[in-house]
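K.L.:
Please find coords29.cif (mmCIF, C-alpha atoms) on the next line:
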```
data_protein
loop_
_atom_site.label_atom_id
_atom_site.label_comp_id
_atom_site.auth_asym_id
_atom_site.auth_seq_id
_atom_site.Cartn_x
_atom_site.Cartn_y
_atom_site.Cartn_z
CA MET W 1 -88.78 207.77 -26.63
CA ALA W 2 -86.01 210.07 -25.60
CA GLU W 3 -87.93 212.30 -23.32
CA ASP W 4 -86.02 213.13 -20.24
CA LEU W 5 -88.12 212.83 -17.18
CA VAL W 6 -87.35 215.43 -14.60
CA LEU W 7 -87.58 213.87 -11.20
CA ASP W 8 -88.21 215.50 -7.91
CA THR W 9 -85.15 216.59 -5.99
CA ALA W 10 -86.71 215.11 -2.91
CA ILE W 11 -86.25 211.67 -4.40
CA ARG W 12 -82.56 212.25 -4.64
CA ASP W 13 -82.31 213.58 -1.12
CA TRP W 14 -84.47 211.05 0.58
CA VAL W 15 -84.05 207.88 -1.41
CA LEU W 16 -80.81 207.55 -3.28
CA ILE W 17 -78.42 209.02 -0.80
CA PRO W 18 -79.92 207.51 2.37
CA LEU W 19 -80.07 204.10 0.78
CA SER W 20 -76.42 204.18 -0.20
CA VAL W 21 -75.36 205.57 3.15
CA VAL W 22 -77.34 202.93 4.98
CA MET W 23 -75.83 200.16 2.95
CA VAL W 24 -72.32 201.38 3.53
CA LEU W 25 -72.97 201.68 7.25
CA ILE W 26 -74.49 198.24 7.44
CA GLY W 27 -71.51 196.80 5.65
CA VAL W 28 -69.11 198.42 8.08
CA LEU W 29 -71.23 197.31 11.02
CA ARG W 30 -71.33 193.78 9.76
CA TYR W 31 -67.56 193.74 9.41
CA PHE W 32 -67.04 194.79 12.99
CA VAL W 33 -69.69 192.47 14.33
CA SER W 34 -68.16 189.52 12.56
CA LYS W 35 -64.82 190.48 13.99
CA LEU W 36 -66.22 190.56 17.50
CA MET W 37 -68.22 187.43 17.17
CA ARG W 38 -65.45 185.34 15.84
CA SER W 39 -65.29 182.72 18.52
CA SER W 40 -62.12 180.74 18.78
CA PRO W 41 -63.14 177.11 19.00
CA THR W 42 -60.95 174.76 20.96
CA PRO W 43 -59.15 172.84 18.28
CA ASP W 44 -59.38 169.14 18.08
CA ALA W 45 -55.94 167.63 18.50
CA LYS W 46 -56.33 165.02 15.80
CA MET W 47 -57.55 167.52 13.24
CA VAL W 48 -54.75 169.93 14.03
CA LYS W 49 -52.23 167.14 13.56
CA GLU W 50 -53.68 166.19 10.24
CA GLY W 51 -53.79 169.79 9.14
CA GLN W 52 -50.15 170.25 9.99
CA VAL W 53 -49.18 167.10 8.12
CA VAL W 54 -50.93 168.44 5.06
CA ILE W 55 -49.07 171.71 5.38
CA ARG W 56 -45.76 169.91 5.65
CA ALA W 57 -46.52 167.87 2.57
CA ARG W 58 -47.40 171.03 0.70
CA ASN W 59 -44.18 172.69 1.72
CA LEU W 60 -42.32 169.66 0.51
CA LYS W 61 -44.06 169.92 -2.82
CA ALA W 62 -43.28 173.59 -3.11
CA GLY W 63 -39.62 173.28 -2.26
CA ALA W 64 -39.03 169.97 -3.92
CA ASN W 65 -36.62 171.25 -6.47
CA PHE W 66 -34.26 172.85 -4.06
CA ILE W 67 -33.14 169.81 -2.17
CA PRO W 68 -30.99 167.06 -3.58
CA PRO W 69 -32.83 164.18 -5.21
CA LYS W 70 -31.99 161.68 -2.57
CA SER W 71 -33.30 163.74 0.30
CA PHE W 72 -36.43 164.53 -1.61
CA ARG W 73 -37.05 160.86 -2.18
CA ALA W 74 -36.43 160.08 1.44
CA ARG W 75 -38.93 162.67 2.53
CA ARG W 76 -41.47 161.54 0.05
CA PHE W 77 -41.11 157.99 1.22
CA TYR W 78 -41.69 159.14 4.76
CA PHE W 79 -44.98 160.65 3.74
CA SER W 80 -46.45 158.19 1.34
CA ASN W 81 -45.09 154.95 2.58
CA GLU W 82 -47.59 152.17 2.41
CA GLU W 83 -47.29 150.88 5.92
CA ASN W 84 -46.72 153.78 8.19
CA GLY W 85 -46.46 156.80 5.99
CA LEU W 86 -48.11 159.85 7.42
CA LEU W 87 -50.39 160.51 4.54
CA HIS W 88 -51.59 157.03 4.06
CA VAL W 89 -55.08 156.46 5.35
CA PRO W 90 -56.20 152.85 5.57
CA LYS W 91 -59.29 152.18 3.62
CA ASP W 92 -61.60 151.36 6.44
CA GLN W 93 -60.82 154.45 8.35
CA ALA W 94 -62.12 156.91 5.82
CA SER W 95 -64.80 158.42 7.94
CA ASN W 96 -67.79 160.12 6.57
CA PRO W 97 -66.97 163.77 6.97
CA GLN W 98 -70.45 165.12 6.51
CA ALA W 99 -71.90 163.16 9.38
CA GLN W 100 -68.98 164.11 11.52
CA MET W 101 -69.45 167.74 10.76
CA PHE W 102 -73.08 167.95 11.56
CA SER W 103 -72.76 166.02 14.74
CA ASP W 104 -70.08 168.39 15.89
CA PRO W 105 -72.08 171.10 17.56
CA ASN W 106 -69.39 173.75 17.54
CA MET W 107 -68.91 173.77 13.83
CA ALA W 108 -72.59 173.78 13.13
CA MET W 109 -73.05 176.77 15.39
CA ASP W 110 -70.21 178.59 13.71
CA MET W 111 -71.60 178.03 10.29
CA MET W 112 -75.02 179.12 11.34
CA LYS W 113 -73.68 182.25 12.90
CA LYS W 114 -71.80 183.14 9.77
CA ASN W 115 -74.79 182.51 7.57
CA LEU W 116 -77.08 184.52 9.77
CA SER W 117 -74.77 187.48 9.98
CA MET W 118 -74.75 187.57 6.25
CA ILE W 119 -78.37 186.96 5.46
CA ILE W 120 -80.17 188.98 8.08
CA PRO W 121 -78.96 192.48 7.21
CA GLN W 122 -79.62 191.83 3.56
CA THR W 123 -83.13 190.61 4.17
CA LEU W 124 -83.95 193.42 6.54
CA THR W 125 -82.66 196.08 4.21
CA PHE W 126 -84.50 194.60 1.29
CA ALA W 127 -87.76 194.51 3.22
CA TRP W 128 -87.22 198.09 4.32
CA VAL W 129 -86.61 199.21 0.77
CA ASN W 130 -89.68 197.45 -0.46
CA PHE W 131 -91.87 198.87 2.22
CA PHE W 132 -90.86 202.47 2.06
CA PHE W 133 -89.54 203.05 -1.38
CA SER W 134 -91.85 201.33 -3.77
CA GLY W 135 -94.10 202.69 -6.39
CA PHE W 136 -92.04 205.43 -7.93
CA VAL W 137 -89.19 205.98 -10.27
CA ALA W 138 -85.97 206.27 -8.34
CA ALA W 139 -83.12 206.59 -10.78
CA LYS W 140 -82.15 206.47 -14.39
CA ILE W 141 -79.58 204.04 -15.61
CA PRO W 142 -77.32 205.72 -18.12
CA PHE W 143 -77.35 202.92 -20.62
CA PRO W 144 -80.22 201.42 -22.53
CA LEU W 145 -81.58 198.01 -21.79
CA THR W 146 -83.93 195.73 -23.59
CA GLN W 147 -87.56 195.29 -22.77
CA ARG W 148 -86.98 192.00 -21.08
CA PHE W 149 -85.47 193.72 -18.10
CA ARG W 150 -88.54 195.81 -17.54
CA SER W 151 -90.26 193.44 -15.18
CA MET W 152 -87.08 192.99 -13.20
CA LEU W 153 -86.07 196.58 -12.85
CA GLN W 154 -89.28 198.50 -12.77
CA ASN W 155 -91.05 196.56 -10.19
CA GLY W 156 -93.27 199.11 -8.54
CA ILE W 157 -93.98 201.20 -11.57
CA ASP W 158 -97.11 200.25 -13.40
CA LEU W 159 -96.73 202.29 -16.55
CA SER W 160 -95.51 200.33 -19.49
CA THR W 161 -94.55 203.27 -21.64
CA VAL W 162 -91.85 204.53 -19.37
CA ASP W 163 -88.38 203.88 -20.70
CA VAL W 164 -86.69 200.85 -19.20
CA SER W 165 -83.85 203.02 -18.09
CA TYR W 166 -85.96 204.51 -15.36
CA VAL W 167 -85.78 202.03 -12.57
CA SER W 168 -87.35 201.56 -9.21
CA SER W 169 -85.53 201.76 -5.91
CA ARG W 170 -85.35 198.01 -5.66
CA SER W 171 -82.92 197.91 -8.54
CA TRP W 172 -80.99 200.77 -6.96
CA TYR W 173 -80.64 198.51 -3.94
CA PHE W 174 -79.25 195.68 -6.02
CA LEU W 175 -76.94 198.01 -7.86
CA ASN W 176 -75.60 199.20 -4.55
CA LEU W 177 -75.25 195.66 -3.29
CA PHE W 178 -72.90 194.72 -6.07
CA GLY W 179 -71.15 197.99 -6.57
CA LEU W 180 -70.23 198.68 -2.97
CA ARG W 181 -68.06 195.58 -2.76
CA GLY W 182 -65.21 197.49 -4.33
CA LEU W 183 -65.68 200.37 -1.95
CA PHE W 184 -65.63 198.03 1.02
CA SER W 185 -62.41 196.48 -0.06
CA LEU W 186 -60.87 199.93 -0.10
CA ILE W 187 -62.12 201.23 3.21
CA LEU W 188 -62.17 198.10 5.28
CA GLY W 189 -58.61 197.17 4.61
CA ASP W 190 -57.49 194.06 2.96
CA GLU W 191 -59.24 191.37 4.88
CA ASN W 192 -62.85 190.49 4.89
CA ALA W 193 -63.58 192.71 2.01
CA ILE W 194 -66.14 190.91 0.01
CA ASP W 195 -68.20 188.81 2.44
CA ASP W 196 -71.46 188.44 0.64
CA THR W 197 -71.32 187.06 -2.79
CA GLN W 198 -68.05 185.28 -2.41
CA ARG W 199 -69.26 183.50 0.67
CA MET W 200 -72.35 182.49 -1.17
CA MET W 201 -70.18 180.99 -3.83
CA GLN W 202 -68.05 179.23 -1.28
CA MET W 203 -70.91 177.71 0.57
CA GLY W 204 -71.15 174.95 -1.97
CA GLY W 205 -67.83 173.31 -1.24
CA PHE W 206 -67.34 173.30 2.48
CA GLY W 207 -65.94 170.65 4.67
CA PHE W 208 -62.58 170.15 6.21
CA ASP W 209 -62.46 166.72 4.76
CA ALA W 210 -59.48 165.16 6.39
CA SER W 211 -59.16 161.84 4.67
CA LYS W 212 -59.76 163.19 1.21
CA SER W 213 -57.26 165.97 1.56
CA LEU W 214 -54.67 163.56 2.88
CA SER W 215 -55.01 161.23 -0.06
CA ALA W 216 -55.06 164.19 -2.41
CA GLU W 217 -51.76 165.37 -0.98
CA LYS W 218 -50.34 161.89 -1.27
CA ASP W 219 -51.27 161.72 -4.93
CA GLY W 220 -49.82 165.13 -5.48
CA LEU W 221 -46.55 164.09 -3.95
CA ASP W 222 -46.40 160.92 -5.93
CA ILE W 223 -46.80 162.75 -9.16
CA ILE W 224 -43.93 165.15 -8.73
CA GLN W 225 -40.92 164.80 -10.95
CA HIS W 226 -37.90 166.01 -9.19
CA GLU W 227 -35.81 168.49 -11.10
CA TRP W 228 -32.72 169.56 -9.36
CA ALA W 229 -32.79 173.29 -9.66
CA LEU W 230 -29.45 174.22 -8.24
CA PRO W 231 -26.96 172.02 -9.97
CA ARG W 232 -24.53 174.76 -10.51
CA PHE W 233 -24.90 176.62 -7.32
CA GLU W 234 -21.23 176.59 -6.64
CA HIS W 235 -20.69 178.60 -9.77
CA ARG W 236 -23.46 180.94 -8.91
CA ALA W 237 -22.17 181.45 -5.39
CA GLU W 238 -18.78 182.16 -6.83
CA SER W 239 -20.11 184.81 -9.21
CA VAL W 240 -22.14 186.46 -6.45
CA LEU W 241 -19.13 186.56 -4.17
CA ARG W 242 -17.01 188.00 -6.91
CA LYS W 243 -19.51 190.77 -7.45
CA LEU W 244 -19.56 191.52 -3.78
CA VAL W 245 -15.85 191.60 -3.40
CA GLN W 246 -15.17 193.86 -6.35
CA MET A 1 -45.23 197.75 -5.58
CA GLY A 2 -45.10 201.10 -3.89
CA SER A 3 -42.03 202.82 -2.74
CA SER A 4 -40.25 199.66 -1.78
CA GLU A 5 -40.38 197.63 -4.91
CA LYS A 6 -40.62 194.05 -4.02
CA ARG A 7 -39.37 191.58 -6.48
CA SER A 8 -41.39 188.48 -6.40
CA LYS A 9 -39.41 186.52 -8.91
CA ASP A 10 -35.80 185.61 -8.97
CA VAL A 11 -34.71 184.96 -12.47
CA MET A 12 -31.09 184.38 -11.78
CA SER A 13 -31.46 180.70 -11.08
CA ASP A 14 -32.41 178.34 -13.80
CA ILE A 15 -35.90 177.70 -12.58
CA PRO A 16 -37.80 180.86 -11.67
CA THR A 17 -38.73 181.05 -8.05
CA PHE A 18 -41.51 183.06 -6.54
CA SER A 19 -41.84 184.74 -3.26
CA GLY A 20 -45.46 184.14 -2.46
CA GLU A 21 -45.86 186.94 -0.01
CA ASN A 22 -44.48 189.59 -2.30
CA LEU A 23 -46.57 188.37 -5.15
CA GLN A 24 -49.69 188.65 -3.08
CA LYS A 25 -48.81 192.13 -2.00
CA ASN A 26 -48.27 193.24 -5.56
CA LEU A 27 -51.58 191.80 -6.62
CA LYS A 28 -53.27 193.63 -3.81
CA VAL A 29 -51.77 196.85 -5.04
CA ILE A 30 -53.15 196.23 -8.51
CA GLN A 31 -56.56 195.47 -7.17
CA ASN A 32 -56.68 198.54 -5.00
CA SER A 33 -55.61 200.86 -7.78
CA ARG A 34 -58.13 199.41 -10.18
CA THR A 35 -60.99 199.70 -7.75
CA PHE A 36 -60.13 203.23 -6.84
CA LEU A 37 -59.78 204.29 -10.44
CA SER A 38 -62.99 202.62 -11.49
CA ILE A 39 -64.88 204.54 -8.84
CA ILE A 40 -63.36 207.80 -9.99
CA ALA A 41 -64.05 206.91 -13.60
CA GLY A 42 -67.66 206.26 -12.69
CA VAL A 43 -68.08 209.65 -11.10
CA LEU A 44 -66.41 211.34 -14.05
CA ALA A 45 -68.55 209.51 -16.57
CA GLY A 46 -71.66 210.52 -14.73
CA ILE A 47 -70.69 214.16 -14.52
CA ILE A 48 -69.74 214.40 -18.16
CA GLY A 49 -72.96 212.68 -19.06
CA PHE A 50 -71.91 209.69 -21.06
CA ASN A 51 -74.72 207.63 -22.34
CA GLY A 52 -74.92 204.00 -23.15
CA LEU A 53 -72.06 202.45 -24.99
CA THR A 54 -69.86 205.53 -24.71
CA GLY A 55 -69.72 205.05 -20.99
CA PHE A 56 -68.47 201.49 -21.26
CA VAL A 57 -65.90 202.56 -23.79
CA PHE A 58 -64.77 205.19 -21.29
CA TYR A 59 -64.46 202.51 -18.65
CA PHE A 60 -62.26 200.37 -20.84
CA VAL A 61 -60.13 203.37 -21.75
CA VAL A 62 -59.57 204.12 -18.08
CA MET A 63 -58.70 200.49 -17.40
CA LEU A 64 -56.19 200.57 -20.21
CA ILE A 65 -54.66 203.70 -18.80
CA THR A 66 -54.44 201.92 -15.46
CA SER A 67 -52.67 199.02 -17.08
CA VAL A 68 -50.19 201.32 -18.76
CA GLY A 69 -49.61 203.14 -15.52
CA LEU A 70 -49.00 199.92 -13.62
CA MET A 71 -46.65 198.70 -16.28
CA ALA A 72 -44.71 201.91 -16.12
CA LYS A 73 -44.45 201.57 -12.35
CA ALA A 74 -43.17 198.06 -12.74
CA GLY A 75 -40.52 199.27 -15.08
CA PHE A 76 -42.09 197.54 -18.07
CA SER A 77 -40.78 194.22 -16.94
CA ALA A 78 -43.69 192.46 -15.37
CA ASP A 79 -41.59 189.34 -15.12
CA LEU A 80 -39.86 190.61 -12.06
CA TYR A 81 -42.96 191.45 -10.11
CA PHE A 82 -45.65 189.07 -11.23
CA ASP A 83 -45.99 185.59 -12.43
CA SER A 84 -47.63 186.41 -15.69
CA TRP A 85 -48.26 189.42 -17.87
CA ASN A 86 -51.95 188.80 -17.91
CA ARG A 87 -52.25 189.69 -14.29
CA VAL A 88 -50.95 193.17 -14.69
CA LEU A 89 -52.96 193.85 -17.78
CA PHE A 90 -56.28 192.23 -17.22
CA ASP A 91 -56.84 191.39 -13.62
CA GLY A 92 -59.75 193.08 -11.97
CA PHE A 93 -61.38 194.39 -15.09
CA LEU A 94 -64.76 192.97 -14.35
CA GLY A 95 -64.56 193.48 -10.64
CA GLY A 96 -64.34 197.17 -11.10
CA LEU A 97 -67.16 197.20 -13.61
CA MET A 98 -69.91 196.97 -11.03
CA SER A 99 -68.47 199.78 -8.96
CA PHE A 100 -68.09 201.82 -12.10
CA VAL A 101 -71.72 201.33 -13.06
CA LEU A 102 -72.90 202.20 -9.59
CA PHE A 103 -71.03 205.45 -9.37
CA TRP A 104 -71.78 206.30 -12.96
CA THR A 105 -75.50 205.93 -12.33
CA PHE A 106 -75.23 207.88 -9.14
CA ALA A 107 -73.33 210.82 -10.59
CA TYR A 108 -75.38 210.86 -13.75
CA ASP A 109 -78.60 211.05 -11.86
CA LEU A 110 -77.35 213.64 -9.46
CA VAL A 111 -76.21 215.94 -12.19
CA HIS A 112 -78.61 215.41 -15.05
CA ILE A 113 -81.91 214.16 -13.86
CA PHE A 114 -82.44 215.90 -10.63
#
```
Output the file's structure in the form of structure tokens.
P.N.:
Amino acid sequence: MAEDLVLDTAIRDWVLIPLSVVMVLIGVLRYFVSKLMRSSPTPDAKMVKEGQVVIRARNLKAGANFIPPKSFRARRFYFSNEENGLLHVPKDQASNPQAQMFSDPNMAMDMMKKNLSMIIPQTLTFAWVNFFFSGFVAAKIPFPLTQRFRSMLQNGIDLSTVDVSYVSSRSWYFLNLFGLRGLFSLILGDENAIDDTQRMMQMGGFGFDASKSLSAEKDGLDIIQHEWALPRFEHRAESVLRKLVQ
Amino acid sequence: MGSSEKRSKDVMSDIPTFSGENLQKNLKVIQNSRTFLSIIAGVLAGIIGFNGLTGFVFYFVVMLITSVGLMAKAGFSADLYFDSWNRVLFDGFLGGLMSFVLFWTFAYDLVHIF
């Protein structure tokens, strides 16, 4: 089964390379479009306040060991005090975040825009590939695969004796889809590199859930054991100064 | 890490402290180098004509060389620049794999089949 099919050079020129080039260009285009379309929503004052409180609590957690125990305790009390502590949300006020989010038209529009900008180019390209480039062998994968992959990879090819390594252009499309992520992160700079698959993974847990994050921060603060990290800082300062002076 | 080596950990105090921003920058450097090298490794593997398992072995060899190179750049003391050794050695292995396979397939086909 080790016969090496010799494929037409035209396939290389007109299928492989254009498909890759098109996918790279679409990725770049999508990056710029998402940059342009990023609308800045007018922030809700209450949500900004709560967000900032959470950030302060997190900073306190991060720097807890660098302040003396008493001041740490005072700050923690300020946050998680039962009556008027900032992080304490009374039980009846825990609003249902999902309902709030869907009734807020701005956020729904934003999410829809993001989803669309991700899904539409993929769907269009896939349809294009299927329409034009089906029914022939497009590439050979350099490593052997089992027979189970045949139906997945060789979709347009109706011969069952062809080696599973010879795949159709649809699988070349998928290979490009996953493999170009790395390339995008190199050429597009550090932000917004991976869009697709990571966003798909993140879509499951969305929701700026204010009350839950507040109580989570409160629990986090309560748990912390304070360990005074700079008990001997006078000695350390002295040794640093000595080194400088000498 | 680059030309201005940024220490992200201060080990002089009793409890190690991290500078988050420097740590992130160092991780970004690792990721970029691994991606770049996996693409180049893919093209090389395709041109040489590796087949099957040999190609994957080649990929792991290149990743190991990357790890050694990064360690050498960090002065063999990853403690100063990262929070754990595992990051320098193993981060981004699988991320580069897909790019490697793509460029390997591409180069292999260009050179051998067509």
K.L.:
Any chance you could tabulate, as JSON lines, the residues of chain A at most 10 Å from chain W with each one's nearest atom pair and distance in Å to one decimal, using only C-alpha atoms, in chain and rising number order?
P.N.:
```
{"residue": "A:Met12", "atom": "CA", "partner": "W:Arg236", "partner_atom": "CA", "distance": 8.8}
{"residue": "A:Ser13", "atom": "CA", "partner": "W:Leu230", "partner_atom": "CA", "distance": 7.4}
{"residue": "A:Asp14", "atom": "CA", "partner": "W:Ala229", "partner_atom": "CA", "distance": 6.5}
{"residue": "A:Ile15", "atom": "CA", "partner": "W:Ala229", "partner_atom": "CA", "distance": 6.1}
{"residue": "A:Pro16", "atom": "CA", "partner": "W:Ala229", "partner_atom": "CA", "distance": 9.3}
{"residue": "A:Thr17", "atom": "CA", "partner": "W:Gly63", "partner_atom": "CA", "distance": 9.7}
{"residue": "A:Lys28", "atom": "CA", "partner": "W:Asp190", "partner_atom": "CA", "distance": 8.0}
{"residue": "A:Gln31", "atom": "CA", "partner": "W:Ser185", "partner_atom": "CA", "distance": 9.3}
{"residue": "A:Asn32", "atom": "CA", "partner": "W:Leu186", "partner_atom": "CA", "distance": 6.6}
{"residue": "A:Ser33", "atom": "CA", "partner": "W:Leu186", "partner_atom": "CA", "distance": 9.4}
{"residue": "A:Arg34", "atom": "CA", "partner": "W:Gly182", "partner_atom": "CA", "distance": 9.4}
{"residue": "A:Thr35", "atom": "CA", "partner": "W:Gly182", "partner_atom": "CA", "distance": 5.9}
{"residue": "A:Phe36", "atom": "CA", "partner": "W:Leu186", "partner_atom": "CA", "distance": 7.5}
{"residue": "A:Ser38", "atom": "CA", "partner": "W:Gly182", "partner_atom": "CA", "distance": 9.1}
{"residue": "A:Ile39", "atom": "CA", "partner": "W:Leu183", "partner_atom": "CA", "distance": 8.1}
{"residue": "A:Ala45", "atom": "CA", "partner": "W:Pro142", "partner_atom": "CA", "distance": 9.7}
{"residue": "A:Gly46", "atom": "CA", "partner": "W:Pro142", "partner_atom": "CA", "distance": 8.2}
{"residue": "A:Gly49", "atom": "CA", "partner": "W:Pro142", "partner_atom": "CA", "distance": 8.3}
{"residue": "A:Phe50", "atom": "CA", "partner": "W:Pro142", "partner_atom": "CA", "distance": 7.3}
{"residue": "A:Asn51", "atom": "CA", "partner": "W:Pro142", "partner_atom": "CA", "distance": 5.3}
{"residue": "A:Gly52", "atom": "CA", "partner": "W:Phe143", "partner_atom": "CA", "distance": 3.7}
{"residue": "A:Leu53", "atom": "CA", "partner": "W:Phe143", "partner_atom": "CA", "distance": 6.9}
{"residue": "A:Thr54", "atom": "CA", "partner": "W:Phe143", "partner_atom": "CA", "distance": 8.9}
{"residue": "A:Gly55", "atom": "CA", "partner": "W:Phe143", "partner_atom": "CA", "distance": 7.9}
{"residue": "A:Phe56", "atom": "CA", "partner": "W:Phe143", "partner_atom": "CA", "distance": 9.0}
{"residue": "A:Gly95", "atom": "CA", "partner": "W:Gly182", "partner_atom": "CA", "distance": 7.5}
{"residue": "A:Gly96", "atom": "CA", "partner": "W:Gly182", "partner_atom": "CA", "distance": 6.8}
{"residue": "A:Leu97", "atom": "CA", "partner": "W:Gly179", "partner_atom": "CA", "distance": 8.1}
{"residue": "A:Met98", "atom": "CA", "partner": "W:Gly179", "partner_atom": "CA", "distance": 4.7}
{"residue": "A:Ser99", "atom": "CA", "partner": "W:Gly179", "partner_atom": "CA", "distance": 4.0}
{"residue": "A:Phe100", "atom": "CA", "partner": "W:Gly179", "partner_atom": "CA", "distance": 7.4}
{"residue": "A:Val101", "atom": "CA", "partner": "W:Gly179", "partner_atom": "CA", "distance": 7.3}
{"residue": "A:Leu102", "atom": "CA", "partner": "W:Gly179", "partner_atom": "CA", "distance": 5.5}
{"residue": "A:Phe103", "atom": "CA", "partner": "W:Gly179", "partner_atom": "CA", "distance": 8.0}
{"residue": "A:Trp104", "atom": "CA", "partner": "W:Pro142", "partner_atom": "CA", "distance": 7.6}
{"residue": "A:Thr105", "atom": "CA", "partner": "W:Ile141", "partner_atom": "CA", "distance": 5.6}
{"residue": "A:Phe106", "atom": "CA", "partner": "W:Leu16", "partner_atom": "CA", "distance": 8.1}
{"residue": "A:Ala107", "atom": "CA", "partner": "W:Pro142", "partner_atom": "CA", "distance": 9.9}
{"residue": "A:Tyr108", "atom": "CA", "partner": "W:Pro142", "partner_atom": "CA", "distance": 7.0}
{"residue": "A:Asp109", "atom": "CA", "partner": "W:Lys140", "partner_atom": "CA", "distance": 6.3}
{"residue": "A:Leu110", "atom": "CA", "partner": "W:Arg12", "partner_atom": "CA", "distance": 7.2}
{"residue": "A:His112", "atom": "CA", "partner": "W:Val6", "partner_atom": "CA", "distance": 8.8}
{"residue": "A:Ile113", "atom": "CA", "partner": "W:Val6", "partner_atom": "CA", "distance": 5.6}
{"residue": "A:Phe114", "atom": "CA", "partner": "W:Thr9", "partner_atom": "CA", "distance": 5.4}
```
K.L.:
Using only C-alpha atoms, which of the listed residues (W:Arg170, W:Arg30, W:Arg76, W:Lys46) sits closest to Gly220 (chain W)?
P.N.:
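Counting only C-alpha atoms, the residue closest to Gly220 (chain W) is W:Arg76.
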K.L.:
Rounded to one decimal in Å, what is the spacing between CA of Val137 (chain W) and CA of Pro121 (chain W)?
P.N.:
24.3 Å
K.L.:
One number please: CA of Val22 (chain W) to CA of Phe149 (chain W), in Å, one decimal.
P.N.:
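Atom-to-atom, CA of Val22 (chain W) to CA of Phe149 (chain W), that is 26.1 Å.
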K.L.:
How big is the axis-aligned box, and where does its centre sit, when it encloses all atoms of region 59-68 of chain A listed in the file and has 8 Å added on every side, reported in Å to one decimal as lines of an AutoDock Vina configuration file?
P.N.:
```
center_x = -57.3
center_y = 201.6
center_z = -18.6
size_x = 30.3
size_y = 21.1
size_z = 22.3
```
K.L.:
Work out how far apart CA of Ser169 (chain W) and CA of Val21 (chain W) are and give it in Å to one decimal.
P.N.:
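Going from CA of Ser169 (chain W) over to CA of Val21 (chain W) covers 14.1 Å.
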K.L.:
Starting from the incomplete input, reconstruct all heavy atoms of region 39-43 of chain A and report them as an mmCIF file, in the frame of the given file.
P.N.:
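Result went into out.cif, see below:
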```cif
data_model
loop_
_atom_site.group_PDB
_atom_site.id
_atom_site.type_symbol
_atom_site.label_atom_id
_atom_site.label_comp_id
_atom_site.auth_asym_id
_atom_site.auth_seq_id
_atom_site.Cartn_x
_atom_site.Cartn_y
_atom_site.Cartn_z
ATOM 1 N N ILE A 39 -63.920 203.668 -9.501
ATOM 2 C CA ILE A 39 -64.880 204.540 -8.840
ATOM 3 C C ILE A 39 -64.772 205.961 -9.373
ATOM 4 O O ILE A 39 -65.770 206.618 -9.707
ATOM 5 C CB ILE A 39 -64.662 204.507 -7.315
ATOM 6 C CG1 ILE A 39 -65.053 203.150 -6.761
ATOM 7 C CG2 ILE A 39 -65.442 205.593 -6.643
ATOM 8 C CD1 ILE A 39 -64.918 203.039 -5.298
ATOM 9 N N ILE A 40 -63.549 206.438 -9.484
ATOM 10 C CA ILE A 40 -63.360 207.800 -9.990
ATOM 11 C C ILE A 40 -63.851 207.915 -11.425
ATOM 12 O O ILE A 40 -64.478 208.911 -11.809
ATOM 13 C CB ILE A 40 -61.880 208.181 -9.873
ATOM 14 C CG1 ILE A 40 -61.479 208.157 -8.425
ATOM 15 C CG2 ILE A 40 -61.642 209.510 -10.487
ATOM 16 C CD1 ILE A 40 -60.533 209.187 -8.032
ATOM 17 N N ALA A 41 -63.576 206.875 -12.214
ATOM 18 C CA ALA A 41 -64.050 206.910 -13.600
ATOM 19 C C ALA A 41 -65.561 206.961 -13.647
ATOM 20 O O ALA A 41 -66.150 207.639 -14.498
ATOM 21 C CB ALA A 41 -63.535 205.680 -14.346
ATOM 22 N N GLY A 42 -66.211 206.241 -12.719
ATOM 23 C CA GLY A 42 -67.660 206.260 -12.690
ATOM 24 C C GLY A 42 -68.204 207.654 -12.417
ATOM 25 O O GLY A 42 -69.121 208.137 -13.092
ATOM 26 N N VAL A 43 -67.605 208.303 -11.430
ATOM 27 C CA VAL A 43 -68.080 209.650 -11.100
ATOM 28 C C VAL A 43 -67.846 210.598 -12.274
ATOM 29 O O VAL A 43 -68.704 211.407 -12.648
ATOM 30 C CB VAL A 43 -67.375 210.153 -9.833
ATOM 31 C CG1 VAL A 43 -67.728 211.577 -9.553
ATOM 32 C CG2 VAL A 43 -67.751 209.290 -8.663
#
```
